[in-house]
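Q: Quick one: the structure is below, questions incoming.
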Amino acid sequence: DAMVIQNPRYQVTQFGKPVTLSCSQTLNHNVMYWYQQKSSQAPKLLFHYYDKDFNNEADTPDNFQSRRPNTSFCFLDIRSPGLGDAAMYLCATSRGPGQGYEQYFGPGTRLTVT
Amino acid sequence: KQEVTQIPAALSVPEGENLVLNCSFTDSAIYNLQWFRQDPGKGLTSLLLIQSSQREQTSGRLNASLDKSSGRSTLYIAASQPGDSATYLCAVRGMNTGFQKLVFGTGTRLLVSP
C-alpha cells in the first residue's frame, strides 16, 4: 500500500544533542510537510517542500532545519533540542500544486528531550 | 488570520448514539476542509475532504457538511461504536494563509462507551 512512513516512531534525545527525524513516502507526491504537535494542541506547520523548493513558516525557530534529498525522503533536523521541543512530529504529503489536494499523514515520531 | 475552533472539546456518549461534532473557521475564503481522526499517540487519519464548492461528503457512517459562508462544518457520526473513540480534528486550507497550509482546530476528544 502506498503510504507515508516515519522513523523512528519514538526518539529520546538529550538536551542540546542534535537529532534527525526521517520521513519517506511511496505516493510520489510533490509536496512534503513537517508539523509539530504538542500535547493537547493542534498540529502546527513548521515548513514544507514543494519539489525542491523549501518554504519555512515565519514563526519556525532557526533550531529546526529540513532536507529533501529526493522525492521520496524528507528529514527534520533539530540542531539543539530544548525541553520545549518535546512533541509529536508529523510528516504529511500532498500531490500539489492544486488547491484541492488532500494531505496524507504518517504515524508520527514522538520526541522526548531529557 | 485564520482561526479554527472545535466544539465541544470533549464528548462522552453511550454506544449507538448519533452525534455531531462542530468546527468553525473565521475566514470563509477556503479551498477545502478536511476532517481527521487521531488515536492516542498516533498520527492523523484523513476521514473526509470537502472542497469549497461542495456541501457535504459521506463515507460509511460519517457525513461531513460545509457551510462556507457561515464558516461552519459539522461531522455527523451515525450509530457510534466504541471503536470510534478518538480525537477528531478539522483543518482548513485557506486562500489567505498560503494554499499549501492546513490550519487545524484543537480537536474534539470522543469517548464511546459500550
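Every chain in the C-alpha cells has a letter given in the order shown (A, B, ...), and although residue numbers restart at 1 in each chain, ligands are simply numbered from 1 in the order shown.
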Would you mind listing what lies within 6 Å of segment 66-80 of chain B as JSON, numbers by chain, with only C-alpha atoms counted and same-chain residues fewer than 4 positions away left out?
A: {"B": [15, 16, 17, 18, 19, 20, 21, 22, 23, 24, 25, 28, 55, 56, 61, 62]}
Q: Give me, as a ChimeraX atom specification, the residues of chain A that a backbone DSSP run labels strand (DSSP E).
A: /A:4-7,10-13,19-25,31-37,44-50,53-56,64-67,73-78,87-94,104-105,109-113
Q: Got a sec to pull out which chain A residues are within 9 Å of chain B, counting only C-alpha atoms, and send them as a CSV table (one decimal) with C-alpha atoms, in the first residue's frame?
A:
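Writing done, so here's selection_36.csv:
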```csv
chain,number,residue,atom,x,y,z
A,31,VAL,CA,4.7,18.3,-1.5
A,33,TYR,CA,5.3,18.8,5.2
A,40,SER,CA,-3.5,18.5,23.6
A,41,GLN,CA,-2.7,21.1,20.9
A,42,ALA,CA,-3.4,21.4,17.2
A,43,PRO,CA,-0.7,20.4,14.8
A,44,LYS,CA,1.4,23.4,13.7
A,45,LEU,CA,3.1,23.6,10.3
A,48,HIS,CA,7.1,22.3,3.6
A,50,TYR,CA,7.2,21.7,-3.0
A,88,MET,CA,4.9,14.6,18.2
A,89,TYR,CA,6.4,15.4,14.8
A,90,LEU,CA,4.1,14.6,11.9
A,91,CYS,CA,5.1,14.3,8.3
A,94,SER,CA,0.1,16.0,-0.9
A,96,GLY,CA,0.2,19.5,-5.2
A,97,PRO,CA,0.1,22.1,-6.7
A,98,GLY,CA,-3.6,22.2,-6.9
A,99,GLN,CA,-5.5,23.7,-4.1
A,100,GLY,CA,-7.9,20.8,-3.8
A,101,TYR,CA,-5.5,18.1,-2.9
A,102,GLU,CA,-5.8,16.1,0.3
A,103,GLN,CA,-2.9,15.8,2.8
A,104,TYR,CA,-1.9,12.3,3.9
A,105,PHE,CA,-0.1,11.9,7.2
A,106,GLY,CA,2.4,9.4,8.6
A,107,PRO,CA,2.2,7.8,12.1
A,108,GLY,CA,4.4,10.5,13.7
A,109,THR,CA,7.6,10.4,15.7
A,110,ARG,CA,7.2,11.2,19.4
```
Q: Do you have the atom CA of Ser22 of chain A-atom CA of Leu76 of chain A distance handy?
A: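 Distance between the two atoms: 6.5 Å.
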Q: Rounded to one decimal, what separation in Å do you get between atom CA of Leu47 of chain B and atom CA of Thr60 of chain A?
A: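 These two atoms are separated by 28.1 Å.
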Q: Val13 of chain B: which residues within 8 Å, counting only C-alpha atoms, same-chain residues fewer than 4 positions away excluded, as a ChimeraX atom specification?
A: /B:17,110-113
Q: Can you tell me, as a ChimeraX atom specification, what residues are no more than 6 Å from segment 2-19 of chain A when counting only C-alpha atoms, ignoring any on the same chain fewer than 5 positions away?
A: /A:24-27,77-82,106,109-114
Q: How many Å lie between atom CA of Arg95 of chain A and atom CA of Asn30 of chain A, rounded to one decimal?
A: 5.3 Å
